[in-house]
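To be precise, the following lines are final20.pdb, and they hold PDB, C-alpha atoms.
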```
ATOM      1  CA  MET A  14     -42.492 -29.044 -16.860  1.00  0.00           C
ATOM      2  CA  THR A  15     -39.072 -27.728 -15.803  1.00  0.00           C
ATOM      3  CA  ASN A  16     -36.684 -29.921 -13.834  1.00  0.00           C
ATOM      4  CA  LEU A  17     -37.310 -27.717 -10.768  1.00  0.00           C
ATOM      5  CA  ASP A  18     -41.043 -28.304 -11.095  1.00  0.00           C
ATOM      6  CA  LEU A  19     -40.387 -32.046 -11.302  1.00  0.00           C
ATOM      7  CA  TYR A  20     -38.316 -31.757  -8.129  1.00  0.00           C
ATOM      8  CA  ALA A  21     -41.228 -29.911  -6.515  1.00  0.00           C
ATOM      9  CA  LYS A  22     -43.620 -32.715  -7.484  1.00  0.00           C
ATOM     10  CA  ALA A  23     -41.265 -35.366  -6.101  1.00  0.00           C
ATOM     11  CA  GLU A  24     -39.952 -33.581  -2.997  1.00  0.00           C
ATOM     12  CA  HIS A  25     -42.422 -35.191  -0.576  1.00  0.00           C
ATOM     13  CA  LEU A  26     -41.028 -38.620  -1.553  1.00  0.00           C
ATOM     14  CA  LEU A  27     -37.400 -37.732  -0.770  1.00  0.00           C
ATOM     15  CA  GLY A  28     -37.628 -37.978   3.022  1.00  0.00           C
ATOM     16  CA  ILE A  29     -35.892 -34.634   3.622  1.00  0.00           C
ATOM     17  CA  GLU A  30     -38.398 -33.110   6.039  1.00  0.00           C
ATOM     18  CA  GLU A  31     -36.220 -33.612   9.119  1.00  0.00           C
ATOM     19  CA  ALA A  32     -33.138 -32.177   7.383  1.00  0.00           C
ATOM     20  CA  THR A  33     -35.138 -29.178   6.164  1.00  0.00           C
ATOM     21  CA  GLU A  34     -36.400 -28.433   9.668  1.00  0.00           C
ATOM     22  CA  ALA A  35     -32.855 -28.711  11.035  1.00  0.00           C
ATOM     23  CA  LEU A  36     -31.641 -26.178   8.473  1.00  0.00           C
ATOM     24  CA  TYR A  37     -34.494 -23.819   9.312  1.00  0.00           C
ATOM     25  CA  ASP A  38     -33.510 -23.996  12.993  1.00  0.00           C
ATOM     26  CA  LEU A  39     -29.877 -23.264  12.142  1.00  0.00           C
ATOM     27  CA  TYR A  40     -30.678 -20.258   9.953  1.00  0.00           C
ATOM     28  CA  ARG A  41     -33.153 -18.884  12.452  1.00  0.00           C
ATOM     29  CA  SER A  42     -30.624 -19.097  15.289  1.00  0.00           C
ATOM     30  CA  GLU A  43     -27.973 -17.338  13.178  1.00  0.00           C
ATOM     31  CA  LEU A  44     -30.365 -14.524  12.237  1.00  0.00           C
ATOM     32  CA  ASP A  45     -31.201 -13.980  15.922  1.00  0.00           C
ATOM     33  CA  GLY A  46     -27.863 -12.187  16.173  1.00  0.00           C
ATOM     34  CA  TYR A  47     -28.893  -9.467  13.712  1.00  0.00           C
ATOM     35  CA  ALA A  48     -31.559  -6.761  13.701  1.00  0.00           C
ATOM     36  CA  VAL A  49     -33.622  -8.261  10.881  1.00  0.00           C
ATOM     37  CA  LYS A  50     -36.918  -6.617  10.005  1.00  0.00           C
ATOM     38  CA  THR A  51     -37.078  -7.595   6.325  1.00  0.00           C
ATOM     39  CA  LEU A  52     -35.938 -10.806   4.662  1.00  0.00           C
ATOM     40  CA  LEU A  53     -35.634 -12.174   1.128  1.00  0.00           C
ATOM     41  CA  ASP A  54     -35.751 -15.976   0.845  1.00  0.00           C
ATOM     42  CA  ILE A  55     -34.148 -17.134  -2.429  1.00  0.00           C
ATOM     43  CA  GLY A  56     -35.301 -20.595  -3.431  1.00  0.00           C
ATOM     44  CA  CYS A  57     -38.103 -20.309  -0.901  1.00  0.00           C
ATOM     45  CA  GLY A  58     -39.765 -23.621  -1.800  1.00  0.00           C
ATOM     46  CA  ARG A  59     -43.151 -23.986  -0.152  1.00  0.00           C
ATOM     47  CA  GLY A  60     -42.420 -21.125   2.231  1.00  0.00           C
ATOM     48  CA  GLY A  61     -41.726 -22.961   5.461  1.00  0.00           C
ATOM     49  CA  PHE A  62     -38.865 -20.690   6.498  1.00  0.00           C
ATOM     50  CA  MET A  63     -40.800 -17.525   5.647  1.00  0.00           C
ATOM     51  CA  GLN A  64     -43.644 -18.721   7.850  1.00  0.00           C
ATOM     52  CA  ARG A  65     -41.219 -19.184  10.743  1.00  0.00           C
ATOM     53  CA  MET A  66     -39.670 -15.760  10.305  1.00  0.00           C
ATOM     54  CA  GLN A  67     -43.053 -14.047   9.903  1.00  0.00           C
ATOM     55  CA  SER A  68     -44.050 -15.541  13.250  1.00  0.00           C
ATOM     56  CA  ASP A  69     -41.058 -13.611  14.657  1.00  0.00           C
ATOM     57  CA  GLY A  70     -42.399 -10.374  13.167  1.00  0.00           C
ATOM     58  CA  VAL A  71     -40.105 -10.259  10.108  1.00  0.00           C
ATOM     59  CA  VAL A  72     -41.556  -9.046   6.791  1.00  0.00           C
ATOM     60  CA  CYS A  73     -40.649 -11.729   4.244  1.00  0.00           C
ATOM     61  CA  LYS A  74     -40.578 -12.072   0.487  1.00  0.00           C
ATOM     62  CA  GLY A  75     -39.779 -15.308  -1.314  1.00  0.00           C
ATOM     63  CA  ILE A  76     -38.622 -16.090  -4.814  1.00  0.00           C
ATOM     64  CA  ASP A  77     -38.294 -19.465  -6.512  1.00  0.00           C
ATOM     65  CA  LEU A  78     -37.723 -20.543 -10.101  1.00  0.00           C
ATOM     66  CA  SER A  79     -40.321 -23.303  -9.683  1.00  0.00           C
ATOM     67  CA  ALA A  80     -43.812 -22.025 -10.476  1.00  0.00           C
ATOM     68  CA  VAL A  81     -45.215 -24.990  -8.546  1.00  0.00           C
ATOM     69  CA  MET A  82     -43.472 -23.866  -5.352  1.00  0.00           C
ATOM     70  CA  VAL A  83     -44.513 -20.237  -5.810  1.00  0.00           C
ATOM     71  CA  GLU A  84     -48.157 -21.198  -6.301  1.00  0.00           C
ATOM     72  CA  GLU A  85     -48.085 -23.182  -3.056  1.00  0.00           C
ATOM     73  CA  CYS A  86     -46.602 -20.197  -1.209  1.00  0.00           C
ATOM     74  CA  ARG A  87     -49.282 -17.892  -2.530  1.00  0.00           C
ATOM     75  CA  ALA A  88     -51.982 -20.400  -1.613  1.00  0.00           C
ATOM     76  CA  VAL A  89     -51.107 -19.895   2.070  1.00  0.00           C
ATOM     77  CA  GLY A  90     -50.889 -16.114   1.770  1.00  0.00           C
ATOM     78  CA  LEU A  91     -47.131 -15.664   1.393  1.00  0.00           C
ATOM     79  CA  ASP A  92     -45.516 -12.998  -0.784  1.00  0.00           C
ATOM     80  CA  ALA A  93     -43.721 -15.040  -3.450  1.00  0.00           C
ATOM     81  CA  GLU A  94     -42.686 -14.588  -7.072  1.00  0.00           C
ATOM     82  CA  CYS A  95     -41.286 -16.843  -9.777  1.00  0.00           C
ATOM     83  CA  VAL A  96     -38.350 -14.585 -10.713  1.00  0.00           C
ATOM     84  CA  ASP A  97     -34.563 -14.502 -10.631  1.00  0.00           C
ATOM     85  CA  VAL A  98     -32.897 -12.544  -7.806  1.00  0.00           C
ATOM     86  CA  ALA A  99     -31.614  -9.983 -10.327  1.00  0.00           C
ATOM     87  CA  GLN A 100     -35.244  -9.073 -11.085  1.00  0.00           C
ATOM     88  CA  VAL A 101     -36.296  -8.450  -7.493  1.00  0.00           C
ATOM     89  CA  GLY A 102     -36.897  -4.888  -6.363  1.00  0.00           C
ATOM     90  CA  GLY A 103     -36.244  -3.384  -2.952  1.00  0.00           C
ATOM     91  CA  LYS A 104     -33.584  -3.987  -0.322  1.00  0.00           C
ATOM     92  CA  TYR A 105     -33.583  -6.266   2.716  1.00  0.00           C
ATOM     93  CA  ASP A 106     -31.877  -6.599   6.084  1.00  0.00           C
ATOM     94  CA  ALA A 107     -31.206 -10.278   5.384  1.00  0.00           C
ATOM     95  CA  VAL A 108     -31.118 -12.588   2.389  1.00  0.00           C
ATOM     96  CA  VAL A 109     -31.049 -16.382   2.711  1.00  0.00           C
ATOM     97  CA  ALA A 110     -30.515 -19.193   0.206  1.00  0.00           C
ATOM     98  CA  ILE A 111     -31.364 -22.415   2.026  1.00  0.00           C
ATOM     99  CA  PHE A 112     -30.629 -26.030   1.081  1.00  0.00           C
ATOM    100  CA  ASP A 113     -28.041 -26.173  -1.723  1.00  0.00           C
ATOM    101  CA  VAL A 114     -29.309 -23.171  -3.707  1.00  0.00           C
ATOM    102  CA  LEU A 115     -25.734 -22.082  -4.501  1.00  0.00           C
ATOM    103  CA  ASN A 116     -24.833 -25.571  -5.688  1.00  0.00           C
ATOM    104  CA  PHE A 117     -27.365 -25.338  -8.513  1.00  0.00           C
ATOM    105  CA  LEU A 118     -25.271 -22.561 -10.117  1.00  0.00           C
ATOM    106  CA  ASN A 119     -22.073 -22.997 -12.073  1.00  0.00           C
ATOM    107  CA  GLU A 120     -19.196 -20.660 -11.197  1.00  0.00           C
ATOM    108  CA  GLU A 121     -20.107 -17.956 -13.722  1.00  0.00           C
ATOM    109  CA  GLU A 122     -23.765 -18.010 -12.694  1.00  0.00           C
ATOM    110  CA  LEU A 123     -22.791 -18.026  -9.021  1.00  0.00           C
ATOM    111  CA  LEU A 124     -20.670 -14.877  -9.263  1.00  0.00           C
ATOM    112  CA  LEU A 125     -23.503 -13.012 -11.015  1.00  0.00           C
ATOM    113  CA  PHE A 126     -25.924 -14.335  -8.397  1.00  0.00           C
ATOM    114  CA  LEU A 127     -23.763 -13.113  -5.503  1.00  0.00           C
ATOM    115  CA  ASP A 128     -23.458  -9.649  -7.059  1.00  0.00           C
ATOM    116  CA  ALA A 129     -27.266  -9.525  -7.360  1.00  0.00           C
ATOM    117  CA  VAL A 130     -27.628 -10.609  -3.713  1.00  0.00           C
ATOM    118  CA  ALA A 131     -25.343  -7.758  -2.610  1.00  0.00           C
ATOM    119  CA  GLN A 132     -27.549  -5.298  -4.502  1.00  0.00           C
ATOM    120  CA  ARG A 133     -30.600  -6.572  -2.611  1.00  0.00           C
ATOM    121  CA  LEU A 134     -29.003  -5.997   0.815  1.00  0.00           C
ATOM    122  CA  ASN A 135     -29.328  -2.922   2.962  1.00  0.00           C
ATOM    123  CA  ASP A 136     -26.097  -1.406   4.272  1.00  0.00           C
ATOM    124  CA  ASP A 137     -24.734  -3.787   6.931  1.00  0.00           C
ATOM    125  CA  GLY A 138     -27.119  -6.452   5.607  1.00  0.00           C
ATOM    126  CA  VAL A 139     -26.390 -10.171   6.091  1.00  0.00           C
ATOM    127  CA  PHE A 140     -26.528 -13.026   3.575  1.00  0.00           C
ATOM    128  CA  ILE A 141     -26.587 -16.655   4.739  1.00  0.00           C
ATOM    129  CA  ALA A 142     -26.352 -19.720   2.511  1.00  0.00           C
ATOM    130  CA  ASP A 143     -25.261 -23.356   2.717  1.00  0.00           C
ATOM    131  CA  ILE A 144     -23.254 -25.471   0.304  1.00  0.00           C
ATOM    132  CA  ASN A 145     -22.347 -29.138   0.075  1.00  0.00           C
ATOM    133  CA  THR A 146     -18.810 -30.146   0.990  1.00  0.00           C
ATOM    134  CA  LEU A 147     -16.828 -32.452  -1.291  1.00  0.00           C
ATOM    135  CA  TYR A 148     -17.572 -35.266   1.158  1.00  0.00           C
ATOM    136  CA  GLY A 149     -21.259 -34.341   1.032  1.00  0.00           C
ATOM    137  CA  PHE A 150     -21.316 -34.723  -2.735  1.00  0.00           C
ATOM    138  CA  ARG A 151     -18.990 -37.684  -3.190  1.00  0.00           C
ATOM    139  CA  ASP A 152     -19.854 -39.829  -0.184  1.00  0.00           C
ATOM    140  CA  VAL A 153     -23.371 -38.783   0.803  1.00  0.00           C
ATOM    141  CA  ALA A 154     -25.324 -37.557  -2.221  1.00  0.00           C
ATOM    142  CA  GLU A 155     -24.028 -40.046  -4.789  1.00  0.00           C
ATOM    143  CA  GLY A 156     -26.049 -43.228  -5.155  1.00  0.00           C
ATOM    144  CA  THR A 157     -29.521 -44.557  -5.918  1.00  0.00           C
ATOM    145  CA  MET A 158     -32.718 -44.454  -3.875  1.00  0.00           C
ATOM    146  CA  SER A 159     -36.388 -45.180  -4.464  1.00  0.00           C
ATOM    147  CA  SER A 160     -39.595 -44.240  -2.708  1.00  0.00           C
ATOM    148  CA  GLU A 161     -43.264 -44.880  -3.293  1.00  0.00           C
ATOM    149  CA  ASN A 162     -46.788 -44.438  -2.019  1.00  0.00           C
ATOM    150  CA  GLU A 163     -50.156 -45.641  -3.291  1.00  0.00           C
ATOM    151  CA  SER A 164     -50.112 -43.412  -6.377  1.00  0.00           C
ATOM    152  CA  GLU A 165     -46.465 -42.527  -7.031  1.00  0.00           C
ATOM    153  CA  PHE A 166     -43.113 -44.214  -7.507  1.00  0.00           C
ATOM    154  CA  LEU A 167     -39.823 -42.309  -7.537  1.00  0.00           C
ATOM    155  CA  VAL A 168     -36.301 -43.390  -8.470  1.00  0.00           C
ATOM    156  CA  VAL A 169     -33.347 -41.052  -7.884  1.00  0.00           C
ATOM    157  CA  ASP A 170     -29.956 -41.890  -9.348  1.00  0.00           C
ATOM    158  CA  ALA A 171     -27.055 -39.534  -8.529  1.00  0.00           C
ATOM    159  CA  VAL A 172     -23.528 -39.652  -9.971  1.00  0.00           C
ATOM    160  CA  PHE A 173     -20.684 -37.313  -8.945  1.00  0.00           C
ATOM    161  CA  GLU A 174     -17.992 -36.704 -11.564  1.00  0.00           C
ATOM    162  CA  ASP A 175     -15.830 -33.764 -12.646  1.00  0.00           C
ATOM    163  CA  GLU A 176     -16.946 -31.865  -9.510  1.00  0.00           C
ATOM    164  CA  LYS A 177     -20.588 -32.038 -10.621  1.00  0.00           C
ATOM    165  CA  LEU A 178     -23.474 -34.082  -9.226  1.00  0.00           C
ATOM    166  CA  PHE A 179     -25.853 -35.365 -11.887  1.00  0.00           C
ATOM    167  CA  THR A 180     -29.143 -36.431 -10.312  1.00  0.00           C
ATOM    168  CA  LYS A 181     -31.727 -38.146 -12.502  1.00  0.00           C
ATOM    169  CA  PHE A 182     -35.293 -38.057 -11.183  1.00  0.00           C
ATOM    170  CA  THR A 183     -37.785 -40.566 -12.602  1.00  0.00           C
ATOM    171  CA  LEU A 184     -41.319 -40.188 -11.272  1.00  0.00           C
ATOM    172  CA  PHE A 185     -44.253 -42.444 -12.152  1.00  0.00           C
ATOM    173  CA  GLU A 186     -47.631 -40.938 -11.276  1.00  0.00           C
ATOM    174  CA  LYS A 187     -50.720 -43.162 -11.298  1.00  0.00           C
ATOM    175  CA  GLU A 188     -53.704 -41.955 -13.298  1.00  0.00           C
ATOM    176  CA  GLY A 189     -57.322 -42.779 -12.520  1.00  0.00           C
ATOM    177  CA  ASP A 190     -57.446 -45.616 -15.052  1.00  0.00           C
ATOM    178  CA  ALA A 191     -54.482 -47.400 -13.408  1.00  0.00           C
ATOM    179  CA  ARG A 192     -52.016 -46.248 -16.054  1.00  0.00           C
ATOM    180  CA  TYR A 193     -48.906 -44.321 -15.045  1.00  0.00           C
ATOM    181  CA  THR A 194     -47.503 -41.082 -16.404  1.00  0.00           C
ATOM    182  CA  LYS A 195     -43.711 -40.926 -16.445  1.00  0.00           C
ATOM    183  CA  TYR A 196     -41.754 -37.742 -15.703  1.00  0.00           C
ATOM    184  CA  GLN A 197     -37.980 -37.710 -15.992  1.00  0.00           C
ATOM    185  CA  ASP A 198     -35.247 -35.093 -15.867  1.00  0.00           C
ATOM    186  CA  THR A 199     -31.715 -34.544 -14.596  1.00  0.00           C
ATOM    187  CA  ILE A 200     -30.628 -31.811 -12.188  1.00  0.00           C
ATOM    188  CA  VAL A 201     -26.967 -30.758 -12.100  1.00  0.00           C
ATOM    189  CA  GLN A 202     -25.272 -29.405  -8.977  1.00  0.00           C
ATOM    190  CA  TYR A 203     -21.756 -27.969  -8.794  1.00  0.00           C
ATOM    191  CA  PHE A 204     -19.120 -28.306  -6.095  1.00  0.00           C
ATOM    192  CA  HIS A 205     -17.665 -24.922  -5.077  1.00  0.00           C
ATOM    193  CA  LYS A 206     -14.404 -24.481  -3.172  1.00  0.00           C
ATOM    194  CA  LEU A 207     -14.441 -22.098  -0.232  1.00  0.00           C
ATOM    195  CA  LYS A 208     -11.731 -19.887  -1.732  1.00  0.00           C
ATOM    196  CA  LEU A 209     -14.244 -18.742  -4.363  1.00  0.00           C
ATOM    197  CA  PHE A 210     -16.230 -16.995  -1.609  1.00  0.00           C
ATOM    198  CA  GLU A 211     -13.307 -15.366   0.189  1.00  0.00           C
ATOM    199  CA  LYS A 212     -12.504 -12.521  -2.231  1.00  0.00           C
ATOM    200  CA  LEU A 213     -15.870 -11.342  -3.512  1.00  0.00           C
ATOM    201  CA  PRO A 214     -15.995  -7.638  -4.457  1.00  0.00           C
ATOM    202  CA  LYS A 215     -19.384  -6.878  -2.892  1.00  0.00           C
ATOM    203  CA  LEU A 216     -19.756  -9.443  -0.102  1.00  0.00           C
ATOM    204  CA  LYS A 217     -17.383 -10.201   2.770  1.00  0.00           C
ATOM    205  CA  LEU A 218     -17.321 -13.749   4.153  1.00  0.00           C
ATOM    206  CA  ILE A 219     -17.391 -13.225   7.918  1.00  0.00           C
ATOM    207  CA  ASP A 220     -17.993 -16.790   9.096  1.00  0.00           C
ATOM    208  CA  LYS A 221     -18.054 -20.348   7.786  1.00  0.00           C
ATOM    209  CA  GLN A 222     -19.215 -23.393   9.713  1.00  0.00           C
ATOM    210  CA  THR A 223     -18.912 -26.977   8.516  1.00  0.00           C
ATOM    211  CA  PHE A 224     -21.671 -29.083  10.028  1.00  0.00           C
ATOM    212  CA  SER A 225     -23.394 -32.442   9.728  1.00  0.00           C
ATOM    213  CA  LEU A 226     -26.845 -32.625   8.179  1.00  0.00           C
ATOM    214  CA  TYR A 227     -27.135 -36.151   6.766  1.00  0.00           C
ATOM    215  CA  ASP A 228     -23.649 -37.350   7.638  1.00  0.00           C
ATOM    216  CA  THR A 229     -20.364 -36.131   9.145  1.00  0.00           C
ATOM    217  CA  LYS A 230     -19.434 -32.646   7.899  1.00  0.00           C
ATOM    218  CA  ASP A 231     -21.423 -32.819   4.670  1.00  0.00           C
ATOM    219  CA  LYS A 232     -22.467 -29.131   4.637  1.00  0.00           C
ATOM    220  CA  THR A 233     -20.913 -25.704   5.151  1.00  0.00           C
ATOM    221  CA  LEU A 234     -22.830 -22.634   6.308  1.00  0.00           C
ATOM    222  CA  LEU A 235     -21.567 -19.349   4.830  1.00  0.00           C
ATOM    223  CA  ILE A 236     -22.313 -15.973   6.412  1.00  0.00           C
ATOM    224  CA  PHE A 237     -21.603 -12.742   4.514  1.00  0.00           C
ATOM    225  CA  LYS A 238     -21.962  -9.052   5.206  1.00  0.00           C
ATOM    226  CA  LYS A 239     -22.352  -6.442   2.501  1.00  0.00           C
ATOM    227  CA  ARG A 240     -19.089  -4.606   1.765  1.00  0.00           C
TER     228      ARG A 240
END
```
Full structure transcribed into structure tokens:
Amino acid sequence: MTNLDLYAKAEHLLGIEEATEALYDLYRSELDGYAVKTLLDIGCGRGGFMQRMQSDGVVCKGIDLSAVMVEECRAVGLDAECVDVAQVGGKYDAVVAIFDVLNFLNEEELLLFLDAVAQRLNDDGVFIADINTLYGFRDVAEGTMSSENESEFLVVDAVFEDEKLFTKFTLFEKEGDARYTKYQDTIVQYFHKLKLFEKLPKLKLIDKQTFSLYDTKDKTLLIFKKR
């Protein structure tokens, strides 16, 4: 099991449903300002945003590096693949990367990712993504939490150091004979300064909005147009 698949198994215990819906509303309202007929959702998760956009008549494709997430998308009839953005064919009016997707990439990976996004955009296409602010990492994300239900127990321990957030997930899953199976892995996220996004060769940053998702000004929304 990859660490992203472990995250997928544990996501329902994290209590992020309200934050996810708020992000979907924000992205949807931003895309209302563009003539979007086709959309690529990078890190599509279980496909909630694609379902919203399809209800608006947009043709959507999703990609995610978690096979668990992709299988759940396909189970409800969504077009989803477990591939990297560089492997995706076709071009789209809009590309989105919702909920910290960019923070899972180090700087070298991020620059390659952004080049690949530009190649997936139609002329005058728009790319929207969100990142954590320094405050969001250092003062909001860092810490320990636990959650449980009748068959599962989750502990999350996050430490921010050297501009990286190390989040250890430990999930105990109850088996039928009352024993528990333990899953454990660490996910690393990277803090990125805004100046990194301001001089990209293939994407032009046209707007940035710092907003509050969990706490005061813990996220920044980035909006790009293809150069």
Closest-contact table, range 100-217 of chain A side, partner range 58-70 of chain A, 10 Å, counting all atoms listed in the file, as a Markdown table:
```
| residue | atom | partner | partner_atom | distance |
| --- | --- | --- | --- | --- |
| A:Val109 | CA | A:Phe62 | CA | 9.7 |
| A:Ile111 | CA | A:Phe62 | CA | 8.9 |
| A:Phe112 | CA | A:Gly58 | CA | 9.9 |
```
| said: Env of range 187-192 of chain A: 12 Å cut, atoms = only C-alpha atoms, seq-sep filter 3 positions within chain, self excluded. Answer as a PyMOL selection string. | reply: chain A and resi 161-167+184+195-196
Picked residues, the PyMOL selection byres ((chain A and resi 73) around 8), as a tab-separated table (two decimals) with C-alpha atoms, in the frame of the given file:
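Written out: expr_8.tsv:
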```
chain	number	residue	atom	x	y	z
A	51	THR	CA	-37.08	-7.60	6.32
A	52	LEU	CA	-35.94	-10.81	4.66
A	53	LEU	CA	-35.63	-12.17	1.13
A	54	ASP	CA	-35.75	-15.98	0.84
A	63	MET	CA	-40.80	-17.52	5.65
A	66	MET	CA	-39.67	-15.76	10.30
A	67	GLN	CA	-43.05	-14.05	9.90
A	71	VAL	CA	-40.10	-10.26	10.11
A	72	VAL	CA	-41.56	-9.05	6.79
A	74	LYS	CA	-40.58	-12.07	0.49
A	75	GLY	CA	-39.78	-15.31	-1.31
A	92	ASP	CA	-45.52	-13.00	-0.78
```
| request: Could you check which of A:Glu121, A:Asp220, A:Asp77, A:Glu85 is closest to Val98 in chain A, using all atoms listed in the file? | output: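 Among the listed residues, A:Asp77 lies closest to Val98 in chain A.
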| remark: With distances taken over all atoms listed in the file, the candidate from A:Tyr20, A:Ile29, A:Glu120, A:Ala107 nearest Arg41 in chain A is A:Ala107
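CA of Leu209 in chain A to CA of Cys57 in chain A spans 24.2 Å [interatomic distance, one decimal].
When CA of Leu134 in chain A is paired with CA of Lys239 in chain A, their separation reads 6.9 Å.
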List every residue of range 72-171 of chain A that has an atom at most 10 Å from any atom of range 223-226 of chain A, giving for each one its closest atom pair and the distance in Å to one decimal, counting only C-alpha atoms, sorted by chain and then by ascending residue number, as a tab-separated table.
```
residue	atom	partner	partner_atom	distance
A:Asp143	CA	A:Thr223	CA	9.3
A:Ile144	CA	A:Thr223	CA	9.4
A:Asn145	CA	A:Thr223	CA	9.4
A:Thr146	CA	A:Thr223	CA	8.2
A:Gly149	CA	A:Ser225	CA	9.2
```
| field | One-decimal distance in Å that lies between CA of Glu122 in chain A and CA of Asp106 in chain A | value | 23.4 Å
| field | Among listed residues A:Asp175, A:Glu43, A:Glu155, A:Asp198, nearest Leu19 in chain A (using all atoms listed in the file) | value | A:Asp198
| query | Quick one: which residues end up in the PyMOL selection byres ((chain A and resi 140) around 12) for this structure, as a ChimeraX atom specification? | reply | /A:40,43-44,47,49,52-55,105-111,127-139,141-143,215-221,234-240
